[in-house]
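Peer 1: Provided herewith is a single structure, encoded as structure tokens, for subsequent inquiry.
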Amino acid sequence: MMNGMTDDVATFWRDIVSWLETNTPCEIVRIRPPASDASIAEIESAIGHPVPDSMRQWWQLTDGVTQVGTPVIPPRFAPLPCAMALQEMQLRLSIMTDEPIIPNDGSIDTAGESTHRFHHLFLPIAEDNSGDLICIDLRSGHLQGCLILWDHEGGWHDAFLWTNVAAMLEDVRNAMRDGTPALSAYAIRHARYFAGYDIEHVAWKADVSPSMELSWKSERVEVPDVE
């Protein structure tokens, strides 16, 4: 990765932290200090693949948060510490060993292709309170490094969320700082993926509760005709 993108990660995260300090001081205290190089190396050893530079840079700035219910990532996801990312990955893989393989289940080894099975190259980086995950898709292909939402019940059958971690942080930063709804581009991809279905497509606006806690409010996205 070029230095410019890693510089972007630092800038986006600095702006996010600044917004949290000003608007949700109860959330900022839950942000952990940087991850150690050894912790990141342990993940790389476990998955047999380098951690993307933008994710490495983010972990070198903060090792996730101390509480799962801190939704830094819309609509409800808390960044995972390295140790928990590894734990979640190992847990999902252990569950999948008992799942039958469905013939013709798409291109399970191609980045960006949906699958009901948790792949060993899905790297969890954020979790909600229900067990759903945001993962980096490290499978090969032009979408390698994209972020997906893994549903703990149904797997992944959707468009990707963001192209990479830097794009995610920029989207979150813009939502907080400028009021631009996050995941607007995903909403368009979501509409195309589910073309023909009567499904609402939404983006997310940063909101602060009376108790100064962060939440995300949905906003309907009008999408072009994708029939």
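By order in the structure tokens, chains are A, B, ...; within a chain, residues start at 1; ligands start at 1, following the order shown.
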Excluding same-chain residues fewer than 4 positions from A:Leu121, what lies within 8 Å of it counting only C-alpha atoms, as a ChimeraX atom specification?

Peer 2: /A:47,49,137-139

Peer 1: Within 8 Å of stretch 20-34 of chain A, counting only C-alpha atoms, which residues qualify if same-chain residues fewer than 3 places away don't, as a list of chain:residue names?

Peer 2: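 Those residues are A:Ile16, A:Val17, A:Trp59, A:Gln60, A:Leu61, A:Thr62, A:Asp63, A:Gly64, A:Val65, A:Thr66, A:Gln67, A:Thr70, A:Val208, A:Met212, A:Glu213, A:Leu214.
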
Peer 1: Write out as a PyMOL selection string each polymer residue whose atoms come within 12 Å of A:Leu161, counting only C-alpha atoms; drop sequence neighbours fewer than 6 positions from it.

Peer 2: chain A and resi 73-75+112+133-137+143+145-150+167-169+171+182-190+203

Peer 1: Residues near stretch 82-97 of chain A, anyone? I mean within 7 Å using only C-alpha atoms, not counting same-chain ones fewer than 3 positions away, as an MDAnalysis selection string.

Peer 2: chainID A and resid 39:40 43 63 117:118 120 123:125

Peer 1: I need the chosen residues saved as a PDB file, in the first residue's frame, with N, CA and C atoms.

Peer 2:
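File written: part04.pdb
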```
ATOM      1  N   SER A  39       0.749  -9.178  18.415  1.00  0.00           N
ATOM      2  CA  SER A  39      -0.665  -9.538  18.298  1.00  0.00           C
ATOM      3  C   SER A  39      -1.093  -9.612  16.839  1.00  0.00           C
ATOM      4  N   ILE A  40      -0.638  -8.661  16.047  1.00  0.00           N
ATOM      5  CA  ILE A  40      -0.969  -8.664  14.619  1.00  0.00           C
ATOM      6  C   ILE A  40      -0.300  -9.845  13.925  1.00  0.00           C
ATOM      7  N   ILE A  43      -2.215 -13.087  14.333  1.00  0.00           N
ATOM      8  CA  ILE A  43      -3.344 -13.213  13.412  1.00  0.00           C
ATOM      9  C   ILE A  43      -2.855 -13.647  12.035  1.00  0.00           C
ATOM     10  N   ASP A  63      -6.237  -0.826  19.425  1.00  0.00           N
ATOM     11  CA  ASP A  63      -6.559  -2.253  19.447  1.00  0.00           C
ATOM     12  C   ASP A  63      -8.037  -2.431  19.795  1.00  0.00           C
ATOM     13  N   ARG A 117     -20.849 -20.409   4.070  1.00  0.00           N
ATOM     14  CA  ARG A 117     -19.818 -20.971   4.937  1.00  0.00           C
ATOM     15  C   ARG A 117     -18.781 -19.902   5.293  1.00  0.00           C
ATOM     16  N   PHE A 118     -18.402 -19.871   6.559  1.00  0.00           N
ATOM     17  CA  PHE A 118     -17.364 -18.932   6.997  1.00  0.00           C
ATOM     18  C   PHE A 118     -16.021 -19.399   6.445  1.00  0.00           C
ATOM     19  N   HIS A 120     -11.869 -19.377   5.763  1.00  0.00           N
ATOM     20  CA  HIS A 120     -10.700 -19.156   6.624  1.00  0.00           C
ATOM     21  C   HIS A 120      -9.972 -17.851   6.290  1.00  0.00           C
ATOM     22  N   LEU A 123     -11.534 -12.234   7.880  1.00  0.00           N
ATOM     23  CA  LEU A 123     -10.912 -11.712   9.100  1.00  0.00           C
ATOM     24  C   LEU A 123     -11.891 -10.791   9.826  1.00  0.00           C
ATOM     25  N   PRO A 124     -12.439 -11.207  10.971  1.00  0.00           N
ATOM     26  CA  PRO A 124     -13.362 -10.348  11.717  1.00  0.00           C
ATOM     27  C   PRO A 124     -12.645  -9.109  12.252  1.00  0.00           C
ATOM     28  N   ILE A 125     -13.286  -7.950  12.096  1.00  0.00           N
ATOM     29  CA  ILE A 125     -12.693  -6.724  12.640  1.00  0.00           C
ATOM     30  C   ILE A 125     -13.674  -5.933  13.500  1.00  0.00           C
TER      31      ILE A 125
END
```

Peer 1: Write out as a PyMOL selection string which residues come within 12 Å of A:Asp7 when counting only C-alpha atoms, dropping same-chain ones fewer than 5 positions away.

Peer 2: chain A and resi 1-2+12-14+53-54+57-58+61+166+170

Peer 1: DSSP on the backbone, then: every residue of stretch 125-190 of chain A marked helix (DSSP H, G or I), written as a PDB file with C-alpha atoms, in the first residue's frame.

Peer 2:
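Resulting contents of part25.pdb:
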```pdb
ATOM      1  CA  VAL A 165     -10.738  -0.330   5.858  1.00  0.00           C
ATOM      2  CA  ALA A 166      -9.564   3.125   4.777  1.00  0.00           C
ATOM      3  CA  ALA A 167     -12.804   3.635   2.823  1.00  0.00           C
ATOM      4  CA  MET A 168     -14.803   2.549   5.872  1.00  0.00           C
ATOM      5  CA  LEU A 169     -13.036   4.990   8.177  1.00  0.00           C
ATOM      6  CA  GLU A 170     -13.448   7.822   5.678  1.00  0.00           C
ATOM      7  CA  ASP A 171     -17.173   7.065   5.391  1.00  0.00           C
ATOM      8  CA  VAL A 172     -17.565   7.011   9.187  1.00  0.00           C
ATOM      9  CA  ARG A 173     -15.531  10.215   9.558  1.00  0.00           C
ATOM     10  CA  ASN A 174     -17.661  12.004   6.971  1.00  0.00           C
ATOM     11  CA  ALA A 175     -20.873  10.841   8.644  1.00  0.00           C
ATOM     12  CA  MET A 176     -19.717  12.166  12.000  1.00  0.00           C
ATOM     13  CA  ARG A 177     -18.048  15.377  10.882  1.00  0.00           C
ATOM     14  CA  ASP A 178     -20.176  16.417   7.915  1.00  0.00           C
ATOM     15  CA  SER A 184     -24.845   5.324   1.009  1.00  0.00           C
ATOM     16  CA  ALA A 185     -22.769   3.661  -1.725  1.00  0.00           C
ATOM     17  CA  TYR A 186     -23.473   0.249  -0.194  1.00  0.00           C
ATOM     18  CA  ALA A 187     -27.212   1.004  -0.293  1.00  0.00           C
ATOM     19  CA  ILE A 188     -26.970   1.280  -4.091  1.00  0.00           C
ATOM     20  CA  ARG A 189     -25.065  -2.006  -4.346  1.00  0.00           C
ATOM     21  CA  HIS A 190     -27.581  -3.582  -1.969  1.00  0.00           C
TER      22      HIS A 190
END
```

Peer 1: So how many Å separate atom CA of A:Asp151 and atom CA of A:Thr180, to one decimal?

Peer 2: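 Computing the Euclidean distance for atom CA of A:Asp151 and atom CA of A:Thr180 yields 25.9 Å.
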
Peer 1: A:Pro71, A:Glu222, A:Met55, A:Pro181: which is nearest A:His201, counting only C-alpha atoms?

Peer 2: A:Glu222

Peer 1: Between atom CA of A:Ala38 and atom CA of A:Thr11, what is the distance in Å, rounded to a tenth?

Peer 2: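 Atom CA of A:Thr11 lies at a distance of 24.3 Å from atom CA of A:Ala38.
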
Peer 1: Could you write out, as a PyMOL selection string, all the residues of stretch 90-157 of chain A that DSSP marks as strand (DSSP E or B)?

Peer 2: chain A and resi 110+115+122-127+133-137+140+147-151+155-156

Peer 1: Any chance you can output those residues with N, CA and C atoms as a PDB file, in the first residue's frame?

Peer 2:
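After the write, part.pdb holds the following:
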```pdb
ATOM      1  N   THR A 110     -13.391 -16.782  -4.168  1.00  0.00           N
ATOM      2  CA  THR A 110     -13.232 -15.508  -4.862  1.00  0.00           C
ATOM      3  C   THR A 110     -13.775 -14.370  -4.012  1.00  0.00           C
ATOM      4  N   THR A 115     -21.361 -16.514   0.287  1.00  0.00           N
ATOM      5  CA  THR A 115     -21.239 -17.907   0.711  1.00  0.00           C
ATOM      6  C   THR A 115     -21.934 -18.097   2.048  1.00  0.00           C
ATOM      7  N   PHE A 122     -11.738 -14.996   5.955  1.00  0.00           N
ATOM      8  CA  PHE A 122     -12.577 -13.914   6.475  1.00  0.00           C
ATOM      9  C   PHE A 122     -11.984 -13.473   7.814  1.00  0.00           C
ATOM     10  N   LEU A 123     -11.534 -12.234   7.880  1.00  0.00           N
ATOM     11  CA  LEU A 123     -10.912 -11.712   9.100  1.00  0.00           C
ATOM     12  C   LEU A 123     -11.891 -10.791   9.826  1.00  0.00           C
ATOM     13  N   PRO A 124     -12.439 -11.207  10.971  1.00  0.00           N
ATOM     14  CA  PRO A 124     -13.362 -10.348  11.717  1.00  0.00           C
ATOM     15  C   PRO A 124     -12.645  -9.109  12.252  1.00  0.00           C
ATOM     16  N   ILE A 125     -13.286  -7.950  12.096  1.00  0.00           N
ATOM     17  CA  ILE A 125     -12.693  -6.724  12.640  1.00  0.00           C
ATOM     18  C   ILE A 125     -13.674  -5.933  13.500  1.00  0.00           C
ATOM     19  N   ALA A 126     -14.955  -6.308  13.480  1.00  0.00           N
ATOM     20  CA  ALA A 126     -15.954  -5.614  14.300  1.00  0.00           C
ATOM     21  C   ALA A 126     -17.116  -6.559  14.562  1.00  0.00           C
ATOM     22  N   GLU A 127     -17.787  -6.361  15.700  1.00  0.00           N
ATOM     23  CA  GLU A 127     -18.874  -7.252  16.110  1.00  0.00           C
ATOM     24  C   GLU A 127     -19.992  -6.440  16.751  1.00  0.00           C
ATOM     25  N   LEU A 133     -20.833 -10.073  12.386  1.00  0.00           N
ATOM     26  CA  LEU A 133     -19.470  -9.566  12.259  1.00  0.00           C
ATOM     27  C   LEU A 133     -19.305  -8.724  11.004  1.00  0.00           C
ATOM     28  N   ILE A 134     -18.417  -7.760  11.060  1.00  0.00           N
ATOM     29  CA  ILE A 134     -17.853  -7.174   9.854  1.00  0.00           C
ATOM     30  C   ILE A 134     -16.496  -7.834   9.658  1.00  0.00           C
ATOM     31  N   CYS A 135     -16.282  -8.378   8.470  1.00  0.00           N
ATOM     32  CA  CYS A 135     -15.039  -9.098   8.168  1.00  0.00           C
ATOM     33  C   CYS A 135     -14.368  -8.503   6.937  1.00  0.00           C
ATOM     34  N   ILE A 136     -13.045  -8.613   6.914  1.00  0.00           N
ATOM     35  CA  ILE A 136     -12.294  -8.331   5.696  1.00  0.00           C
ATOM     36  C   ILE A 136     -12.256  -9.617   4.881  1.00  0.00           C
ATOM     37  N   ASP A 137     -12.638  -9.520   3.612  1.00  0.00           N
ATOM     38  CA  ASP A 137     -12.610 -10.668   2.708  1.00  0.00           C
ATOM     39  C   ASP A 137     -11.229 -10.719   2.056  1.00  0.00           C
ATOM     40  N   SER A 140      -8.817 -14.239  -2.898  1.00  0.00           N
ATOM     41  CA  SER A 140      -8.209 -13.610  -4.065  1.00  0.00           C
ATOM     42  C   SER A 140      -9.271 -13.016  -4.982  1.00  0.00           C
ATOM     43  N   LEU A 147     -14.920  -5.226   2.676  1.00  0.00           N
ATOM     44  CA  LEU A 147     -15.535  -5.528   3.970  1.00  0.00           C
ATOM     45  C   LEU A 147     -16.944  -6.054   3.758  1.00  0.00           C
ATOM     46  N   ILE A 148     -17.274  -7.119   4.479  1.00  0.00           N
ATOM     47  CA  ILE A 148     -18.570  -7.766   4.338  1.00  0.00           C
ATOM     48  C   ILE A 148     -19.237  -7.889   5.702  1.00  0.00           C
ATOM     49  N   LEU A 149     -20.552  -8.055   5.691  1.00  0.00           N
ATOM     50  CA  LEU A 149     -21.301  -8.274   6.923  1.00  0.00           C
ATOM     51  C   LEU A 149     -21.655  -9.753   7.010  1.00  0.00           C
ATOM     52  N   TRP A 150     -21.062 -10.432   7.998  1.00  0.00           N
ATOM     53  CA  TRP A 150     -21.325 -11.858   8.200  1.00  0.00           C
ATOM     54  C   TRP A 150     -22.461 -12.018   9.202  1.00  0.00           C
ATOM     55  N   ASP A 151     -23.565 -12.592   8.733  1.00  0.00           N
ATOM     56  CA  ASP A 151     -24.718 -12.855   9.587  1.00  0.00           C
ATOM     57  C   ASP A 151     -24.519 -14.188  10.298  1.00  0.00           C
ATOM     58  N   GLY A 155     -24.993 -16.495   7.142  1.00  0.00           N
ATOM     59  CA  GLY A 155     -23.784 -16.338   6.345  1.00  0.00           C
ATOM     60  C   GLY A 155     -23.746 -14.981   5.669  1.00  0.00           C
ATOM     61  N   TRP A 156     -23.194 -14.929   4.484  1.00  0.00           N
ATOM     62  CA  TRP A 156     -23.101 -13.667   3.752  1.00  0.00           C
ATOM     63  C   TRP A 156     -23.722 -13.820   2.383  1.00  0.00           C
TER      64      TRP A 156
END
```

Peer 1: To one decimal place, how far is atom CA of A:Gly141 from atom CA of A:Val9 in Å?

Peer 2: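 A separation of 23.0 Å between them.
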
Peer 1: Pick out the closest residue to A:Asp207 from this set: A:Phe77, A:Val72, A:Pro52, A:Asp15. Count only C-alpha atoms.

Peer 2: A:Val72
